[in-house]
$ cat coords-v8.txt   # compact mmCIF, C-alpha atoms (C1' of nucleotides)
# COMPACT_ATOMS: atom_id res chain seq x y z
CA MET A 933 24.44 -3.06 -10.14
CA PRO A 934 22.29 -0.38 -8.67
CA GLY A 935 21.25 1.54 -11.75
CA VAL A 936 20.12 -1.44 -13.76
CA PHE A 937 16.50 -1.24 -12.74
CA LEU A 938 16.35 2.44 -13.52
CA LYS A 939 17.98 2.02 -16.91
CA ASP A 940 15.69 -0.85 -17.80
CA ALA A 941 12.70 1.13 -16.70
CA LEU A 942 13.72 4.11 -18.81
CA VAL A 943 14.13 1.86 -21.83
CA THR A 944 10.72 0.34 -21.23
CA LEU A 945 9.18 3.76 -21.07
CA LYS A 946 10.94 5.07 -24.15
CA GLU A 947 9.88 2.01 -26.10
CA SER A 948 6.26 2.64 -25.28
CA GLY A 949 6.56 6.21 -26.43
CA VAL A 950 6.67 7.91 -23.05
CA ARG A 951 8.90 10.95 -22.78
CA ILE A 952 11.51 10.94 -20.08
CA THR A 953 11.15 14.24 -18.33
CA PRO A 954 13.36 15.26 -15.42
CA GLN A 955 10.40 14.82 -13.10
CA ARG A 956 9.70 11.32 -14.33
CA HIS A 957 13.32 10.40 -14.01
CA ALA A 958 13.41 11.66 -10.45
CA ILE A 959 10.19 9.95 -9.39
CA LEU A 960 11.32 6.62 -10.80
CA GLU A 961 14.75 6.95 -9.26
CA TYR A 962 13.25 7.72 -5.89
CA LEU A 963 10.90 4.74 -6.11
CA ILE A 964 13.79 2.45 -6.89
CA THR A 965 16.53 3.74 -4.63
CA SER A 966 14.47 4.57 -1.57
CA HIS A 967 13.69 0.87 -1.13
CA SER A 968 10.46 1.88 0.51
CA HIS A 969 6.82 1.97 -0.48
CA PRO A 970 6.16 5.68 -0.49
CA THR A 971 2.89 7.51 -0.77
CA ALA A 972 2.45 10.09 -3.51
CA ASP A 973 2.91 12.79 -0.94
CA GLU A 974 6.15 11.31 0.36
CA ILE A 975 7.52 11.32 -3.16
CA TYR A 976 6.36 14.87 -3.60
CA LYS A 977 8.06 15.99 -0.40
CA ALA A 978 11.23 14.05 -1.11
CA LEU A 979 11.69 15.75 -4.47
CA GLU A 980 10.72 19.19 -3.25
CA GLU A 981 14.33 20.24 -2.88
CA ASP A 982 15.28 19.37 -6.45
CA PHE A 983 11.96 20.37 -7.98
CA PRO A 984 10.59 23.27 -5.97
CA ASN A 985 7.89 23.94 -8.53
CA MET A 986 6.69 20.43 -9.10
CA SER A 987 2.98 19.91 -8.60
CA VAL A 988 1.39 17.05 -6.69
CA ALA A 989 -0.62 16.36 -9.80
CA THR A 990 2.60 15.60 -11.63
CA VAL A 991 3.42 12.92 -9.11
CA TYR A 992 0.00 11.33 -9.45
CA ASN A 993 -0.02 11.66 -13.22
CA ASN A 994 3.32 10.00 -13.60
CA LEU A 995 2.63 7.26 -11.12
CA ARG A 996 -0.33 6.44 -13.31
CA VAL A 997 1.88 6.49 -16.40
CA PHE A 998 4.25 4.08 -14.71
CA GLN A 999 1.41 1.81 -13.70
CA ASN A 1000 0.17 1.69 -17.26
CA SER A 1001 3.64 0.63 -18.33
CA GLY A 1002 3.67 -2.07 -15.70
CA LEU A 1003 6.59 -0.59 -13.83
CA VAL A 1004 4.78 0.36 -10.67
CA LYS A 1005 2.06 -1.18 -8.58
CA GLU A 1006 -0.37 0.62 -6.32
CA LEU A 1007 -0.93 -0.79 -2.85
CA THR A 1008 -4.18 0.24 -1.24
CA TYR A 1009 -5.18 -0.04 2.36
CA GLY A 1010 -8.09 1.23 4.36
CA ASP A 1011 -7.88 4.75 5.67
CA ALA A 1012 -4.50 5.98 4.62
CA SER A 1013 -3.28 6.94 1.20
CA SER A 1014 -2.10 4.52 -1.45
CA ARG A 1015 1.49 3.40 -1.53
CA PHE A 1016 3.47 2.77 -4.66
CA ASP A 1017 5.87 -0.03 -5.29
CA PHE A 1018 8.40 -0.41 -8.04
CA VAL A 1019 7.85 -3.85 -9.55
CA THR A 1020 10.97 -5.99 -9.81
CA HIS A 1021 10.49 -9.65 -9.19
CA ASP A 1022 7.25 -11.04 -7.97
CA HIS A 1023 7.12 -10.66 -4.27
CA TYR A 1024 4.60 -10.27 -1.52
CA HIS A 1025 4.36 -7.89 1.39
CA ILE A 1026 4.10 -8.34 5.10
CA ILE A 1027 2.76 -5.34 6.96
CA CYS A 1028 3.08 -4.42 10.61
CA ASP A 1029 -0.30 -3.90 12.24
CA ASP A 1030 1.28 -1.48 14.70
CA CYS A 1031 3.63 0.79 12.79
CA GLY A 1032 2.62 0.05 9.22
CA LYS A 1033 6.08 -0.94 8.08
CA ILE A 1034 6.04 -2.92 4.85
CA VAL A 1035 8.61 -5.64 4.21
CA ASP A 1036 8.99 -7.72 1.08
CA PHE A 1037 9.19 -11.45 1.07
CA HIS A 1038 9.42 -13.91 -1.75
CA HIS A 1039 7.23 -16.94 -2.12
CA PRO A 1040 6.37 -19.14 -5.03
CA GLY A 1041 3.27 -17.91 -6.82
CA LEU A 1042 -0.07 -19.21 -5.69
CA GLU A 1043 -1.09 -20.75 -8.98
CA GLU A 1044 -2.94 -23.50 -7.22
CA VAL A 1045 -5.21 -21.00 -5.51
CA GLU A 1046 -5.81 -19.27 -8.83
CA ARG A 1047 -6.73 -22.56 -10.43
CA LEU A 1048 -9.20 -23.41 -7.72
CA ALA A 1049 -10.77 -19.98 -7.81
CA ALA A 1050 -11.14 -20.18 -11.57
CA HIS A 1051 -12.69 -23.59 -11.34
CA VAL A 1052 -15.17 -22.72 -8.61
CA THR A 1053 -16.27 -19.34 -9.88
CA GLY A 1054 -15.92 -19.65 -13.64
CA PHE A 1055 -13.74 -16.53 -13.79
CA GLN A 1056 -10.78 -16.25 -16.12
CA VAL A 1057 -8.07 -15.49 -13.59
CA ASN A 1058 -5.54 -12.76 -14.29
CA SER A 1059 -3.70 -12.15 -11.07
CA HIS A 1060 -3.91 -12.19 -7.34
CA ARG A 1061 -2.96 -10.11 -4.37
CA LEU A 1062 -1.65 -11.48 -1.11
CA GLU A 1063 -0.64 -9.65 1.99
CA VAL A 1064 0.38 -10.94 5.37
CA TYR A 1065 -0.20 -8.92 8.50
CA GLY A 1066 1.54 -9.16 11.83
CA THR A 1067 3.83 -7.43 14.28
CA CYS A 1068 7.32 -6.45 13.21
CA PRO A 1069 10.30 -7.31 15.42
CA ASP A 1070 10.73 -3.69 16.52
CA CYS A 1071 7.16 -3.30 17.66
CA ALA A 1072 7.21 -6.71 19.29
CA ALA A 1073 10.26 -5.64 21.28
CA THR A 1074 8.63 -2.37 22.30
CA GLN A 1075 5.57 -4.21 23.53
CA GLN A 1076 7.77 -6.53 25.54
CA ASN A 1077 9.41 -3.61 27.29
CA GLN A 1078 6.14 -1.86 28.01
CA ALA A 1079 4.76 -5.00 29.60
CA LYS A 1080 7.48 -4.98 32.23
CA MET B 1068 -31.99 -21.11 8.07
CA PRO B 1069 -31.81 -17.59 6.83
CA GLY B 1070 -31.98 -15.61 10.05
CA VAL B 1071 -29.38 -17.58 11.91
CA PHE B 1072 -26.48 -15.31 11.04
CA LEU B 1073 -28.41 -12.24 12.05
CA LYS B 1074 -29.52 -13.75 15.36
CA ASP B 1075 -26.00 -14.91 16.12
CA ALA B 1076 -24.64 -11.52 15.26
CA LEU B 1077 -27.13 -9.78 17.52
CA VAL B 1078 -26.21 -12.09 20.38
CA THR B 1079 -22.54 -11.40 19.79
CA LEU B 1080 -23.18 -7.69 19.91
CA LYS B 1081 -25.34 -7.81 23.01
CA GLU B 1082 -22.75 -9.89 24.80
CA SER B 1083 -20.09 -7.29 24.14
CA GLY B 1084 -22.34 -4.56 25.50
CA VAL B 1085 -23.38 -3.00 22.22
CA ARG B 1086 -26.92 -1.71 22.05
CA ILE B 1087 -29.11 -2.99 19.28
CA THR B 1088 -30.66 0.08 17.76
CA PRO B 1089 -33.08 -0.10 14.86
CA GLN B 1090 -30.40 1.35 12.59
CA ARG B 1091 -27.84 -1.23 13.66
CA HIS B 1092 -30.32 -3.99 13.16
CA ALA B 1093 -31.15 -2.75 9.69
CA ILE B 1094 -27.52 -2.29 8.63
CA LEU B 1095 -26.59 -5.76 9.80
CA GLU B 1096 -29.62 -7.29 8.17
CA TYR B 1097 -28.83 -5.60 4.90
CA LEU B 1098 -25.22 -6.75 5.02
CA ILE B 1099 -26.33 -10.31 5.57
CA THR B 1100 -29.33 -10.62 3.31
CA SER B 1101 -28.10 -8.58 0.37
CA HIS B 1102 -25.41 -11.16 -0.26
CA SER B 1103 -23.28 -8.42 -1.71
CA HIS B 1104 -20.31 -6.38 -0.60
CA PRO B 1105 -21.84 -2.95 -0.36
CA THR B 1106 -20.17 0.39 0.14
CA ALA B 1107 -21.22 2.57 3.04
CA ASP B 1108 -23.13 4.73 0.62
CA GLU B 1109 -24.99 1.79 -0.87
CA ILE B 1110 -26.12 0.78 2.59
CA TYR B 1111 -27.15 4.35 3.30
CA LYS B 1112 -29.20 4.54 0.12
CA ALA B 1113 -30.74 1.11 0.59
CA LEU B 1114 -32.04 2.03 4.04
CA GLU B 1115 -33.17 5.51 3.08
CA GLU B 1116 -36.75 4.39 2.64
CA ASP B 1117 -37.04 2.87 6.10
CA PHE B 1118 -34.84 5.45 7.82
CA PRO B 1119 -35.33 8.75 6.04
CA ASN B 1120 -33.44 10.64 8.73
CA MET B 1121 -30.48 8.35 9.13
CA SER B 1122 -27.12 10.04 8.74
CA VAL B 1123 -24.22 8.70 6.71
CA ALA B 1124 -22.15 9.02 9.84
CA THR B 1125 -24.38 6.46 11.50
CA VAL B 1126 -23.57 3.97 8.78
CA TYR B 1127 -19.85 4.55 9.15
CA ASN B 1128 -19.99 4.56 12.92
CA ASN B 1129 -21.84 1.29 13.08
CA LEU B 1130 -19.75 -0.41 10.45
CA ARG B 1131 -16.81 0.40 12.70
CA VAL B 1132 -18.66 -1.00 15.69
CA PHE B 1133 -19.28 -4.20 13.78
CA GLN B 1134 -15.68 -4.41 12.72
CA ASN B 1135 -14.56 -4.07 16.31
CA SER B 1136 -16.84 -6.96 17.20
CA GLY B 1137 -15.35 -9.02 14.40
CA LEU B 1138 -18.64 -9.30 12.53
CA VAL B 1139 -17.66 -7.27 9.51
CA LYS B 1140 -14.56 -6.87 7.43
CA GLU B 1141 -13.57 -3.86 5.37
CA LEU B 1142 -12.32 -4.48 1.84
CA THR B 1143 -10.23 -1.69 0.40
CA TYR B 1144 -9.28 -1.12 -3.17
CA GLY B 1145 -7.62 1.67 -5.03
CA ASP B 1146 -9.79 4.53 -6.16
CA ALA B 1147 -13.27 3.60 -5.10
CA SER B 1148 -14.76 3.49 -1.65
CA SER B 1149 -14.37 0.66 0.80
CA ARG B 1150 -16.71 -2.28 0.69
CA PHE B 1151 -17.98 -4.13 3.71
CA ASP B 1152 -18.40 -7.83 4.09
CA PHE B 1153 -20.27 -9.76 6.73
CA VAL B 1154 -17.87 -12.38 8.05
CA THR B 1155 -19.24 -15.90 8.12
CA HIS B 1156 -16.76 -18.61 7.38
CA ASP B 1157 -13.30 -17.85 6.21
CA HIS B 1158 -13.42 -17.23 2.55
CA TYR B 1159 -11.58 -15.31 -0.10
CA HIS B 1160 -12.76 -13.04 -2.88
CA ILE B 1161 -12.36 -13.06 -6.60
CA ILE B 1162 -12.96 -9.72 -8.27
CA CYS B 1163 -13.78 -8.95 -11.88
CA ASP B 1164 -11.30 -6.52 -13.41
CA ASP B 1165 -14.00 -5.27 -15.75
CA CYS B 1166 -17.19 -4.80 -13.78
CA GLY B 1167 -15.91 -5.06 -10.22
CA LYS B 1168 -18.19 -7.90 -9.22
CA ILE B 1169 -16.99 -9.70 -6.09
CA VAL B 1170 -17.60 -13.42 -5.68
CA ASP B 1171 -16.69 -15.53 -2.67
CA PHE B 1172 -14.75 -18.72 -2.86
CA HIS B 1173 -13.53 -21.03 -0.17
CA HIS B 1174 -10.00 -22.31 0.09
CA PRO B 1175 -8.00 -23.78 2.92
CA GLY B 1176 -6.10 -21.11 4.80
CA LEU B 1177 -2.62 -20.26 3.66
CA GLU B 1178 -0.86 -21.14 6.88
CA GLU B 1179 2.19 -22.29 5.03
CA VAL B 1180 2.63 -18.86 3.48
CA GLU B 1181 2.22 -17.27 6.87
CA ARG B 1182 4.86 -19.56 8.33
CA LEU B 1183 7.33 -18.73 5.59
CA ALA B 1184 6.70 -15.02 5.89
CA ALA B 1185 7.18 -15.17 9.64
CA HIS B 1186 10.41 -17.09 9.26
CA VAL B 1187 11.91 -14.85 6.61
CA THR B 1188 10.94 -11.51 8.08
CA GLY B 1189 10.88 -12.16 11.82
CA PHE B 1190 7.34 -10.82 12.10
CA GLN B 1191 4.77 -12.39 14.38
CA VAL B 1192 2.06 -13.14 11.89
CA ASN B 1193 -1.55 -12.35 12.69
CA SER B 1194 -3.47 -12.70 9.48
CA HIS B 1195 -3.36 -12.42 5.76
CA ARG B 1196 -5.37 -11.08 2.89
CA LEU B 1197 -5.73 -12.75 -0.46
CA GLU B 1198 -7.67 -11.66 -3.47
CA VAL B 1199 -7.83 -13.10 -6.93
CA TYR B 1200 -8.52 -10.92 -9.96
CA GLY B 1201 -9.88 -11.91 -13.32
CA THR B 1202 -12.78 -11.64 -15.71
CA CYS B 1203 -16.20 -12.86 -14.67
CA PRO B 1204 -18.21 -15.11 -16.98
CA ASP B 1205 -20.62 -12.30 -17.89
CA CYS B 1206 -17.88 -9.90 -18.92
CA ALA B 1207 -16.05 -12.65 -20.75
CA ALA B 1208 -19.22 -13.37 -22.74
CA THR B 1209 -19.71 -9.70 -23.53
CA GLN B 1210 -16.17 -9.44 -24.82
CA GLN B 1211 -16.73 -12.48 -26.99
CA ASN B 1212 -19.78 -10.89 -28.58
CA GLN B 1213 -18.07 -7.57 -29.16
CA ALA B 1214 -15.20 -9.29 -30.90
CA LYS B 1215 -17.53 -10.69 -33.55
C1' DA C 1460 -38.47 11.17 37.59
C1' DA C 1461 -33.42 12.62 37.71
C1' DA C 1462 -28.94 11.73 36.27
C1' DC C 1463 -25.96 9.57 33.36
C1' DT C 1464 -24.35 7.31 29.28
C1' DA C 1465 -24.63 5.98 24.58
C1' DA C 1466 -26.39 6.69 19.84
C1' DT C 1467 -28.03 9.46 16.26
C1' DT C 1468 -28.38 13.45 13.56
C1' DA C 1469 -26.89 17.44 10.94
C1' DT C 1470 -23.28 19.74 9.48
C1' DA C 1471 -18.70 21.11 8.84
C1' DA C 1472 -13.95 19.73 8.18
C1' DT C 1473 -10.27 16.92 6.43
C1' DG C 1474 -7.46 14.94 3.17
C1' DA C 1475 -6.36 12.17 -0.85
C1' DT C 1476 -7.07 12.24 -5.49
C1' DT C 1477 -8.69 14.12 -9.94
C1' DA C 1478 -10.18 17.61 -13.31
C1' DT C 1479 -9.30 21.83 -15.68
C1' DA C 1480 -7.18 25.43 -17.94
C1' DA C 1481 -3.12 27.91 -18.97
C1' DA C 1482 1.75 27.97 -19.82
C1' DG C 1483 5.95 25.62 -21.21
C1' DA C 1484 8.87 22.18 -23.57
C1' DA C 1485 9.86 18.90 -27.02
C1' DG C 1486 9.19 16.85 -31.74
C1' DT C 1487 8.21 17.21 -36.54
C1' DA C 1488 7.80 19.10 -40.97
C1' DA C 1489 8.11 22.85 -43.94
C1' DT D 664 14.45 28.80 -38.28
C1' DT D 665 9.56 29.05 -38.13
C1' DA D 666 5.29 27.34 -37.53
C1' DC D 667 2.49 23.70 -35.93
C1' DT D 668 1.25 19.92 -33.15
C1' DT D 669 1.40 17.20 -29.21
C1' DC D 670 2.70 16.09 -24.67
C1' DT D 671 3.87 17.62 -19.97
C1' DT D 672 3.83 20.39 -16.20
C1' DT D 673 1.97 23.72 -13.20
C1' DA D 674 -1.42 26.02 -10.37
C1' DT D 675 -5.67 25.85 -8.74
C1' DA D 676 -10.20 24.39 -8.02
C1' DA D 677 -13.34 20.55 -7.53
C1' DT D 678 -14.77 16.02 -5.97
C1' DC D 679 -15.73 12.55 -2.97
C1' DA D 680 -15.13 9.31 0.85
C1' DT D 681 -14.55 9.53 5.46
C1' DT D 682 -14.21 11.67 10.09
C1' DA D 683 -14.90 15.17 13.72
C1' DT D 684 -17.96 18.13 16.29
C1' DA D 685 -21.76 19.70 18.71
C1' DA D 686 -26.48 19.37 19.65
C1' DT D 687 -30.37 16.39 20.27
C1' DT D 688 -32.53 12.17 21.32
C1' DA D 689 -33.04 7.66 23.35
C1' DG D 690 -31.92 4.19 26.79
C1' DT D 691 -30.31 2.75 31.24
C1' DT D 692 -29.64 3.14 36.17
C1' DT D 693 -30.52 4.99 40.49
$ encode --input "coords-v8.txt" --output "C-alpha cells"
Amino acid sequence: MPGVFLKDALVTLKESGVRITPQRHAILEYLITSHSHPTADEIYKALEEDFPNMSVATVYNNLRVFQNSGLVKELTYGDASSRFDFVTHDHYHIICDDCGKIVDFHHPGLEEVERLAAHVTGFQVNSHRLEVYGTCPDCAATQQNQAK
Amino acid sequence: MPGVFLKDALVTLKESGVRITPQRHAILEYLITSHSHPTADEIYKALEEDFPNMSVATVYNNLRVFQNSGLVKELTYGDASSRFDFVTHDHYHIICDDCGKIVDFHHPGLEEVERLAAHVTGFQVNSHRLEVYGTCPDCAATQQNQAK
DNA sequence: AAACTAATTATAATGATTATAAAGAAGTAA
DNA sequence: TTACTTCTTTATAATCATTATAATTAGTTT
C-alpha cells in the first residue's frame, strides 16, 4: 500500500481548505516516495524535469503549508540547510557524523522526560525533539579500511 | 564560586595551545556569566562597549575555537540564528514555543535510547541531542490574562 | 631585534530563506 | 459566460547569518 500516505495527506489538505495544485502534489509525492529527508533545494532539483518553471519559492511556500497542516516536519542542523520529513508514525532520527546520512528508528516516546522537565521548569510541555548521532556502518567500514 | 568555570575554561584552552586574547576572555566570560544562550550577534553587541573595534568574524571564529575545545555547544533551530551554550554539566534544554526562552534542566543521560538506536540501525553511537518544547510560565500566564 | 606564527580586523562573498509584485488559475455568484 | 474574488505560482530582488579573504596587528621564538 504505497499510495496510502499520499492519499491520506491529500485528504487532510483538502479538508483544511488547501488547494491541491500539481506542484503540491509533486512535492508531497516526492517527500513520501523518496524515503529520504531532502532539503528544499533537493526537492526543487528533483522536480525540475517535470516542472521546468517551478520557482524555489514555491517549494518553500508549500513546505510551510504542509508544516502548518502537520504533514511535514522541518529538521534543522547547524550549517547546512533544513531538511524536511514527511510525518508518518512517531520516530526518531540517527545521523551519521561523517556523511550526514539520516536513518529512522522507532522508540517509545519519552513521556517520562517530558514529565520531569515540566515538573522542574514549570513549563507546559508540548513536544520534544531527540536525535542520536554516530557513525553509520558504511563510514565505519571506510574508516577501517583506511586504517590499514 | 563564580569564577571557577572561567578559570577552568582558560586552563583548558591554554593546555590545548590556544592563546588567551582579551576578546576570547571577554566572549567566554560573557557566555558564562550571562547565564543565557546568546547568538553570535548578541555576544557581539554585548561586547561592543568594551571592544568597539571587534569584528563579528572574531566572535564566530572564537566560538568555533571554543567548540573545538569542547567548552561550548552550538544549538541550532529553524529560522533564527544559532545559539551558543557554555558546557558545564550535561543538561538538556526546554524551549518556550512562544517567546523562545531556553531553560536548562538536568536528567540522567538517555543511554538506553542510544543502545536501542545502535542496535536497530547498526550505527556506532557517539552522542544525542534532546530538547523539550512547551510554554513557559510567563507566556502561560499572559495567555490566561488575554483569554479573560 | 628579526623572523615566524597566530589572531584580529574590515570587507566582500556565499548561500539559504523570505518578501514583493506581477501574472495565472481556480472558485463563486450573477 | 462574464465578472469578481481569492489563492497560487513565478520571477526577481532583498535579507540575514555565516564564512572566506587579505591586510594588519600582536605574540612568540630564535
$ atom_distance --input "coords-v8.txt" --atom1 "C1' of DA1469 (chain C)" --atom2 "CA of Pro1119 (chain B)"
13.1 Å
$ interface_residues --input "coords-v8.txt" --of "chain B" --to "chain D" --cutoff "12 Å" --atoms "all atoms listed in the file" --output "ChimeraX atom specification"
/B:1086-1089,1106-1108,1123-1128,1131,1146-1150
$ closest_atom_pairs --input "coords-v8.txt" --of "chain C" --to "chain A" --cutoff "10 Å" --atoms "only C-alpha atoms (C1' of nucleotides)" --output "Markdown table"
| residue | atom | partner | partner_atom | distance |
| --- | --- | --- | --- | --- |
| C:DG1474 | C1' | A:Ser1013 | CA | 9.2 |
| C:DA1475 | C1' | A:Ser1013 | CA | 6.4 |
| C:DT1476 | C1' | A:Tyr992 | CA | 8.2 |
| C:DT1477 | C1' | A:Ala989 | CA | 8.4 |
| C:DA1484 | C1' | A:Thr953 | CA | 9.8 |
| C:DA1485 | C1' | A:Arg951 | CA | 9.1 |
$ interface_residues --input "coords-v8.txt" --of "chain A" --to "chain B" --cutoff "9 Å" --atoms "only C-alpha atoms" --output "PyMOL selection string"
chain A and resi 1006-1011+1014+1025-1029+1035-1039+1045-1046+1048-1050+1052-1069+1072
$ closest_residue --input "coords-v8.txt" --among "B:Phe1151, B:Ser1122, B:Val1078, B:Asp1165" --to "Ser1101 (chain B)" --atoms "all atoms listed in the file"
B:Phe1151
$ atom_distance --input "coords-v8.txt" --atom1 "CA of Lys1168 (chain B)" --atom2 "CA of Glu1115 (chain B)"
23.6 Å
$ axis_aligned_box --input "coords-v8.txt" --around "region 1177-1190 of chain B" --padding-each-side "6 Å" --output "lines of an AutoDock Vina configuration file"
center_x = 4.6
center_y = -16.6
center_z = 7.8
size_x = 26.5
size_y = 23.5
size_z = 20.6
$ residues_around --input "coords-v8.txt" --residues "Ala941 (chain A)" --least-positions-apart "3" --cutoff "12 Å" --atoms "all atoms listed in the file" --output "MDAnalysis selection string"
chainID A and resid 935:938 944:948 950 952 956:957 959:961 963:964 998:999 1001:1004 1018:1020
$ write_last_selection --input "coords-v8.txt" --atoms "C-alpha atoms" --output "PDB file, in the frame of the given file"
ATOM      1  CA  GLY A 935      21.250   1.540 -11.750  1.00  0.00           C
ATOM      2  CA  VAL A 936      20.120  -1.440 -13.760  1.00  0.00           C
ATOM      3  CA  PHE A 937      16.500  -1.240 -12.740  1.00  0.00           C
ATOM      4  CA  LEU A 938      16.350   2.440 -13.520  1.00  0.00           C
ATOM      5  CA  THR A 944      10.720   0.340 -21.230  1.00  0.00           C
ATOM      6  CA  LEU A 945       9.180   3.760 -21.070  1.00  0.00           C
ATOM      7  CA  LYS A 946      10.940   5.070 -24.150  1.00  0.00           C
ATOM      8  CA  GLU A 947       9.880   2.010 -26.100  1.00  0.00           C
ATOM      9  CA  SER A 948       6.260   2.640 -25.280  1.00  0.00           C
ATOM     10  CA  VAL A 950       6.670   7.910 -23.050  1.00  0.00           C
ATOM     11  CA  ILE A 952      11.510  10.940 -20.080  1.00  0.00           C
ATOM     12  CA  ARG A 956       9.700  11.320 -14.330  1.00  0.00           C
ATOM     13  CA  HIS A 957      13.320  10.400 -14.010  1.00  0.00           C
ATOM     14  CA  ILE A 959      10.190   9.950  -9.390  1.00  0.00           C
ATOM     15  CA  LEU A 960      11.320   6.620 -10.800  1.00  0.00           C
ATOM     16  CA  GLU A 961      14.750   6.950  -9.260  1.00  0.00           C
ATOM     17  CA  LEU A 963      10.900   4.740  -6.110  1.00  0.00           C
ATOM     18  CA  ILE A 964      13.790   2.450  -6.890  1.00  0.00           C
ATOM     19  CA  PHE A 998       4.250   4.080 -14.710  1.00  0.00           C
ATOM     20  CA  GLN A 999       1.410   1.810 -13.700  1.00  0.00           C
ATOM     21  CA  SER A1001       3.640   0.630 -18.330  1.00  0.00           C
ATOM     22  CA  GLY A1002       3.670  -2.070 -15.700  1.00  0.00           C
ATOM     23  CA  LEU A1003       6.590  -0.590 -13.830  1.00  0.00           C
ATOM     24  CA  VAL A1004       4.780   0.360 -10.670  1.00  0.00           C
ATOM     25  CA  PHE A1018       8.400  -0.410  -8.040  1.00  0.00           C
ATOM     26  CA  VAL A1019       7.850  -3.850  -9.550  1.00  0.00           C
ATOM     27  CA  THR A1020      10.970  -5.990  -9.810  1.00  0.00           C
TER      28      THR A1020
END
$ atom_distance --input "coords-v8.txt" --atom1 "CA of Thr965 (chain A)" --atom2 "CA of Thr1074 (chain A)"
28.7 Å
